[in-house]
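In what follows, a single structure is set out as structure tokens and then discussed.
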Amino acid sequence: MLTIYGFNSFNPFKVVATAEELGLDYDYKFVNLGKQENTTAAYAGKHPFGKVPALEHDGHCIAESAAICRYLARISDNKLYSSAPAKAAEIDSILDIMNIHIGRWMANYFWQEIVCPTYFDKAPDQDVLAEAKGWLDKQLPAIEQRLSENQFICGDEITLADPFTLAYFMIKEQTSIDISAYPGIERWYAEMLARPAIQKANKVVYNAQ
Ligand SMILES: N[C@@H](CCC(=O)N[C@@H](CS)C(=O)NCC(=O)O)C(=O)O
């Protein structure tokens with residue numbers, strides 16, 4: 001059995017949405033970060049830094065959302081991924097672009113506009129938000145170009161890149177991230193949200209408590 005450890009946030013959503021798109025059976029264990037359950041003895045060993053998501057399968061634990069998503073695809077005959085090196089690299093590069101670049105700026109919005117006021121009674125830092133917006137203005141056109149030419153981010157078929165990227169774009173529902181200048185992204189976003197697997201993942205991750 002696969003066990004996914006998560007919280008109501010975008011990193012666990014990537015993994016649950018991928019598992020749902022792959023049609024995998026899994027157990028979802030809610031780790032309440034608000035109550036610091038990720039620092040308890042029960043969670044020790046699941047993730048080297050006590051973060052979520054983590055995956056437990058066949059007696060081993062895997063950390064990092066991109067690694068977990070690739071693992072889920074590999075145990076599913078490379079569905080949503082590829083055994084062809086060039087295609088796999090294209091998908092990998094989107095996962096890295098989201099983790100290291102675009103997602104980093106979107107996560108700043110989440111941190112400043114949601115986490116700071118909710119958990120630290122702190123107002124959003126406008127300089128941090130302005131820097132994030134500046135980088136998103138430079139980087140989002142690369143995703144827009146793909147989605148104005150293709151139904152999905154890496155072509156005509158859904159891949160790991162789609163649920164992974166969607167997790168970050170969903171931050172816009174809670175923050176001032178604005179994608180109205182990008183019609184290709186908006187079209188893809190609406191289509192992704194309508195997918196039954198994504199709706200199920202949404203319930204699993206964001207309704208858990
Ligand atoms: N790079 C990691 C990020 C994981 C991460 O930062 N998770 C957050 C929740 S979305 C977390 O566990 N925060 C609690 C903490 O850092 O103590 C991944 O992609 O899995």
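Residues are named by chain letter and number: chains run A, B, ... in the order of the structure tokens, numbers start at 1 in each chain, and ligands are numbered from 1 in the order shown.
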
Just the residues within 9 Å of Pro124 in chain A, please, counting only C-alpha atoms, with nothing from its chain fewer than 6 positions along; format it as a ChimeraX atom specification.
/A:109,111-114,116-117

Set the cut-off to 7 Å, count only C-alpha atoms and all ligand atoms, and list whatever residues fall near ligand 1 as a PDB file with C-alpha atoms, in the first residue's frame.
ATOM      1  CA  PHE A   7      -1.209  18.813   4.791  1.00  0.00           C
ATOM      2  CA  SER A   9      -1.056  22.780   0.910  1.00  0.00           C
ATOM      3  CA  PHE A  10       0.295  22.777  -2.609  1.00  0.00           C
ATOM      4  CA  ASN A  11       3.270  20.423  -2.216  1.00  0.00           C
ATOM      5  CA  PRO A  12       1.155  17.485  -0.998  1.00  0.00           C
ATOM      6  CA  LEU A  33       1.664  21.332  10.485  1.00  0.00           C
ATOM      7  CA  ASN A  38       5.719  16.926  11.574  1.00  0.00           C
ATOM      8  CA  GLY A  50      10.203  16.720   8.774  1.00  0.00           C
ATOM      9  CA  LYS A  51       8.353  18.212   5.815  1.00  0.00           C
ATOM     10  CA  VAL A  52       5.376  17.036   3.785  1.00  0.00           C
ATOM     11  CA  PRO A  53       4.748  15.440   1.386  1.00  0.00           C
ATOM     12  CA  ALA A  63      10.896  12.767   0.247  1.00  0.00           C
ATOM     13  CA  GLU A  64      10.497  15.654  -2.240  1.00  0.00           C
ATOM     14  CA  SER A  65       7.382  16.072  -4.330  1.00  0.00           C
ATOM     15  CA  ALA A  66       9.081  15.772  -7.747  1.00  0.00           C
ATOM     16  CA  ASN A  99      10.144  23.908  -8.136  1.00  0.00           C
TER      17      ASN A  99
END

Enter the distance from CA of Gln209 in chain A to CA of Asn8 in chain A, in Å, rounded to one decimal.
8.1 Å

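In the backbone-derived DSSP annotation, strand (DSSP E or B) within chain A comprises Leu2, Thr3, Ile4, Tyr5, Gly6, Tyr26, Asp27, Tyr28, Lys29, Phe30, Ala54, Leu55, Glu56, His57, His60, Cys61, Ile62, Ala63, Phe152 and Gly155 of chain A.
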
With N, CA and C atoms retained, export the selected residues as a tab-separated table (two decimals), in the first residue's frame.
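Generated file (part_33.tsv):
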chain	number	residue	atom	x	y	z
A	2	LEU	N	0.42	2.25	-0.72
A	2	LEU	CA	1.11	3.55	-0.73
A	2	LEU	C	0.52	4.41	0.38
A	3	THR	N	1.36	5.05	1.15
A	3	THR	CA	0.87	6.02	2.14
A	3	THR	C	1.45	7.38	1.81
A	4	ILE	N	0.57	8.35	1.61
A	4	ILE	CA	1.01	9.73	1.34
A	4	ILE	C	0.77	10.54	2.60
A	5	TYR	N	1.82	11.21	3.08
A	5	TYR	CA	1.70	12.11	4.23
A	5	TYR	C	1.59	13.53	3.70
A	6	GLY	N	0.56	14.26	4.17
A	6	GLY	CA	0.39	15.61	3.62
A	6	GLY	C	-0.35	16.54	4.56
A	26	TYR	N	-4.23	4.60	-2.51
A	26	TYR	CA	-3.28	5.08	-1.50
A	26	TYR	C	-4.04	5.43	-0.23
A	27	ASP	N	-3.28	5.50	0.85
A	27	ASP	CA	-3.81	5.99	2.13
A	27	ASP	C	-3.32	7.41	2.30
A	28	TYR	N	-4.19	8.31	2.70
A	28	TYR	CA	-3.73	9.69	2.92
A	28	TYR	C	-3.67	9.95	4.41
A	29	LYS	N	-2.49	10.29	4.91
A	29	LYS	CA	-2.36	10.59	6.35
A	29	LYS	C	-2.11	12.08	6.51
A	30	PHE	N	-3.02	12.72	7.22
A	30	PHE	CA	-2.93	14.17	7.44
A	30	PHE	C	-1.93	14.44	8.57
A	54	ALA	N	5.50	13.26	2.08
A	54	ALA	CA	6.41	12.12	2.09
A	54	ALA	C	5.58	10.93	1.63
A	55	LEU	N	6.27	9.98	1.03
A	55	LEU	CA	5.59	8.76	0.57
A	55	LEU	C	6.23	7.56	1.24
A	56	GLU	N	5.39	6.64	1.71
A	56	GLU	CA	5.89	5.38	2.26
A	56	GLU	C	5.36	4.26	1.39
A	57	HIS	N	6.27	3.38	0.97
A	57	HIS	CA	5.85	2.28	0.09
A	57	HIS	C	6.81	1.12	0.24
A	60	HIS	N	9.92	1.61	2.44
A	60	HIS	CA	10.84	2.74	2.32
A	60	HIS	C	10.08	4.05	2.21
A	61	CYS	N	10.76	5.14	2.60
A	61	CYS	CA	10.14	6.46	2.56
A	61	CYS	C	10.83	7.31	1.51
A	62	ILE	N	10.06	8.12	0.81
A	62	ILE	CA	10.61	9.00	-0.23
A	62	ILE	C	10.20	10.43	0.10
A	63	ALA	N	11.16	11.35	0.01
A	63	ALA	CA	10.90	12.77	0.25
A	63	ALA	C	11.00	13.51	-1.08
A	152	PHE	N	-1.78	20.34	-23.37
A	152	PHE	CA	-1.14	20.18	-22.06
A	152	PHE	C	0.27	20.78	-22.12
A	155	GLY	N	2.64	18.74	-24.42
A	155	GLY	CA	2.12	18.20	-25.68
A	155	GLY	C	0.64	17.90	-25.60

12 Å contact set for Pro196 in chain A, only C-alpha atoms, chain neighbours under 2 positions out, as a ChimeraX atom specification:
/A:17,20-23,191-194,198-203

Preceding selection exported with N, CA and C atoms as a PDB file, in the first residue's frame:
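Everything below was put into selection.pdb:
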ATOM      1  N   ALA A  17      -2.629  14.623  -6.506  1.00  0.00           N
ATOM      2  CA  ALA A  17      -3.203  14.798  -7.839  1.00  0.00           C
ATOM      3  C   ALA A  17      -2.552  13.824  -8.827  1.00  0.00           C
ATOM      4  N   GLU A  20      -3.917  10.353  -8.149  1.00  0.00           N
ATOM      5  CA  GLU A  20      -5.286  10.249  -8.674  1.00  0.00           C
ATOM      6  C   GLU A  20      -5.278  10.123 -10.194  1.00  0.00           C
ATOM      7  N   GLU A  21      -4.459  10.936 -10.867  1.00  0.00           N
ATOM      8  CA  GLU A  21      -4.393  10.849 -12.340  1.00  0.00           C
ATOM      9  C   GLU A  21      -3.877   9.483 -12.785  1.00  0.00           C
ATOM     10  N   LEU A  22      -3.026   8.862 -11.956  1.00  0.00           N
ATOM     11  CA  LEU A  22      -2.492   7.544 -12.304  1.00  0.00           C
ATOM     12  C   LEU A  22      -3.464   6.424 -11.930  1.00  0.00           C
ATOM     13  N   GLY A  23      -4.509   6.768 -11.179  1.00  0.00           N
ATOM     14  CA  GLY A  23      -5.481   5.752 -10.754  1.00  0.00           C
ATOM     15  C   GLY A  23      -4.941   4.830  -9.673  1.00  0.00           C
ATOM     16  N   GLU A 191      -9.591  23.667 -17.599  1.00  0.00           N
ATOM     17  CA  GLU A 191      -9.747  22.262 -18.009  1.00  0.00           C
ATOM     18  C   GLU A 191      -9.173  21.311 -16.960  1.00  0.00           C
ATOM     19  N   MET A 192      -8.048  21.677 -16.393  1.00  0.00           N
ATOM     20  CA  MET A 192      -7.436  20.817 -15.365  1.00  0.00           C
ATOM     21  C   MET A 192      -8.351  20.713 -14.146  1.00  0.00           C
ATOM     22  N   LEU A 193      -8.904  21.846 -13.703  1.00  0.00           N
ATOM     23  CA  LEU A 193      -9.759  21.827 -12.505  1.00  0.00           C
ATOM     24  C   LEU A 193     -11.019  20.991 -12.704  1.00  0.00           C
ATOM     25  N   ALA A 194     -11.447  20.856 -13.971  1.00  0.00           N
ATOM     26  CA  ALA A 194     -12.674  20.094 -14.250  1.00  0.00           C
ATOM     27  C   ALA A 194     -12.416  18.582 -14.289  1.00  0.00           C
ATOM     28  N   ILE A 198      -8.579  15.506 -10.484  1.00  0.00           N
ATOM     29  CA  ILE A 198      -8.140  16.738  -9.809  1.00  0.00           C
ATOM     30  C   ILE A 198      -9.175  17.143  -8.756  1.00  0.00           C
ATOM     31  N   GLN A 199     -10.448  16.966  -9.095  1.00  0.00           N
ATOM     32  CA  GLN A 199     -11.490  17.305  -8.112  1.00  0.00           C
ATOM     33  C   GLN A 199     -11.377  16.404  -6.884  1.00  0.00           C
ATOM     34  N   LYS A 200     -11.072  15.130  -7.123  1.00  0.00           N
ATOM     35  CA  LYS A 200     -10.906  14.193  -5.990  1.00  0.00           C
ATOM     36  C   LYS A 200      -9.694  14.620  -5.150  1.00  0.00           C
ATOM     37  N   ALA A 201      -8.581  14.936  -5.819  1.00  0.00           N
ATOM     38  CA  ALA A 201      -7.364  15.343  -5.083  1.00  0.00           C
ATOM     39  C   ALA A 201      -7.626  16.603  -4.265  1.00  0.00           C
ATOM     40  N   ASN A 202      -8.378  17.502  -4.852  1.00  0.00           N
ATOM     41  CA  ASN A 202      -8.740  18.748  -4.165  1.00  0.00           C
ATOM     42  C   ASN A 202      -9.441  18.450  -2.837  1.00  0.00           C
ATOM     43  N   LYS A 203     -10.392  17.519  -2.894  1.00  0.00           N
ATOM     44  CA  LYS A 203     -11.128  17.150  -1.667  1.00  0.00           C
ATOM     45  C   LYS A 203     -10.184  16.485  -0.671  1.00  0.00           C
TER      46      LYS A 203
END

DSSP says helix (DSSP H, G or I) for which residues of range 69-151 of chain A? Put them as number ranges by chain?
A: 69-74, 85-120, 126-149

Output C-alpha atoms for every residue in the selection just made, as an mmCIF file, in the first residue's frame.
data_model
loop_
_atom_site.group_PDB
_atom_site.id
_atom_site.type_symbol
_atom_site.label_atom_id
_atom_site.label_comp_id
_atom_site.auth_asym_id
_atom_site.auth_seq_id
_atom_site.Cartn_x
_atom_site.Cartn_y
_atom_site.Cartn_z
ATOM 1 C CA CYS A 69 5.680 11.995 -8.529
ATOM 2 C CA ARG A 70 8.323 10.370 -10.740
ATOM 3 C CA TYR A 71 8.311 7.299 -8.495
ATOM 4 C CA LEU A 72 4.521 7.006 -8.752
ATOM 5 C CA ALA A 73 4.758 7.215 -12.545
ATOM 6 C CA ARG A 74 7.542 4.623 -12.683
ATOM 7 C CA PRO A 85 15.057 10.123 -22.481
ATOM 8 C CA ALA A 86 14.206 13.298 -24.419
ATOM 9 C CA LYS A 87 10.522 13.275 -23.418
ATOM 10 C CA ALA A 88 11.366 12.415 -19.804
ATOM 11 C CA ALA A 89 13.871 15.304 -19.766
ATOM 12 C CA GLU A 90 11.251 17.712 -21.110
ATOM 13 C CA ILE A 91 8.874 16.688 -18.308
ATOM 14 C CA ASP A 92 11.689 16.830 -15.715
ATOM 15 C CA SER A 93 12.658 20.316 -16.815
ATOM 16 C CA ILE A 94 9.106 21.573 -16.188
ATOM 17 C CA LEU A 95 9.119 20.005 -12.708
ATOM 18 C CA ASP A 96 12.413 21.797 -11.990
ATOM 19 C CA ILE A 97 11.236 25.077 -13.522
ATOM 20 C CA MET A 98 8.208 24.972 -11.251
ATOM 21 C CA ASN A 99 10.144 23.908 -8.136
ATOM 22 C CA ILE A 100 13.101 26.241 -8.548
ATOM 23 C CA HIS A 101 11.755 29.235 -10.472
ATOM 24 C CA ILE A 102 8.052 29.916 -11.106
ATOM 25 C CA GLY A 103 6.828 27.939 -8.104
ATOM 26 C CA ARG A 104 9.274 29.690 -5.850
ATOM 27 C CA TRP A 105 7.719 33.075 -6.701
ATOM 28 C CA MET A 106 4.186 31.756 -6.391
ATOM 29 C CA ALA A 107 5.066 30.228 -3.027
ATOM 30 C CA ASN A 108 6.233 33.680 -1.924
ATOM 31 C CA TYR A 109 2.680 34.957 -2.469
ATOM 32 C CA PHE A 110 1.335 32.065 -0.401
ATOM 33 C CA TRP A 111 3.823 32.752 2.373
ATOM 34 C CA GLN A 112 3.348 36.524 2.433
ATOM 35 C CA GLU A 113 -0.417 36.704 1.921
ATOM 36 C CA ILE A 114 -1.575 33.573 3.761
ATOM 37 C CA VAL A 115 1.054 32.183 6.145
ATOM 38 C CA CYS A 116 2.384 35.488 7.570
ATOM 39 C CA PRO A 117 -1.019 36.971 8.485
ATOM 40 C CA THR A 118 -2.541 33.630 9.610
ATOM 41 C CA TYR A 119 0.271 32.131 11.670
ATOM 42 C CA PHE A 120 2.615 35.040 12.523
ATOM 43 C CA GLN A 126 5.223 44.379 -0.318
ATOM 44 C CA ASP A 127 8.865 44.327 -1.497
ATOM 45 C CA VAL A 128 8.877 40.521 -1.509
ATOM 46 C CA LEU A 129 5.583 40.488 -3.443
ATOM 47 C CA ALA A 130 6.879 43.047 -5.973
ATOM 48 C CA GLU A 131 10.006 40.974 -6.581
ATOM 49 C CA ALA A 132 7.884 37.826 -7.024
ATOM 50 C CA LYS A 133 5.593 39.604 -9.490
ATOM 51 C CA GLY A 134 8.588 40.880 -11.482
ATOM 52 C CA TRP A 135 9.986 37.359 -11.879
ATOM 53 C CA LEU A 136 6.589 35.853 -12.731
ATOM 54 C CA ASP A 137 6.133 38.492 -15.456
ATOM 55 C CA LYS A 138 9.434 37.293 -16.960
ATOM 56 C CA GLN A 139 8.899 33.562 -16.522
ATOM 57 C CA LEU A 140 5.180 32.880 -17.099
ATOM 58 C CA PRO A 141 5.356 33.595 -20.869
ATOM 59 C CA ALA A 142 7.366 30.352 -21.253
ATOM 60 C CA ILE A 143 4.418 28.368 -19.864
ATOM 61 C CA GLU A 144 1.918 30.468 -21.837
ATOM 62 C CA GLN A 145 3.728 29.660 -25.069
ATOM 63 C CA ARG A 146 3.491 25.925 -24.422
ATOM 64 C CA LEU A 147 -0.203 26.122 -23.542
ATOM 65 C CA SER A 148 -1.098 28.311 -26.498
ATOM 66 C CA GLU A 149 0.400 25.639 -28.789
#

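For the pair CA of Ser83 in chain A and CA of Leu160 in chain A, the separation is 13.1 Å.
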
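In this structure, CA of Asn150 in chain A sits 18.8 Å away from CA of Lys79 in chain A.
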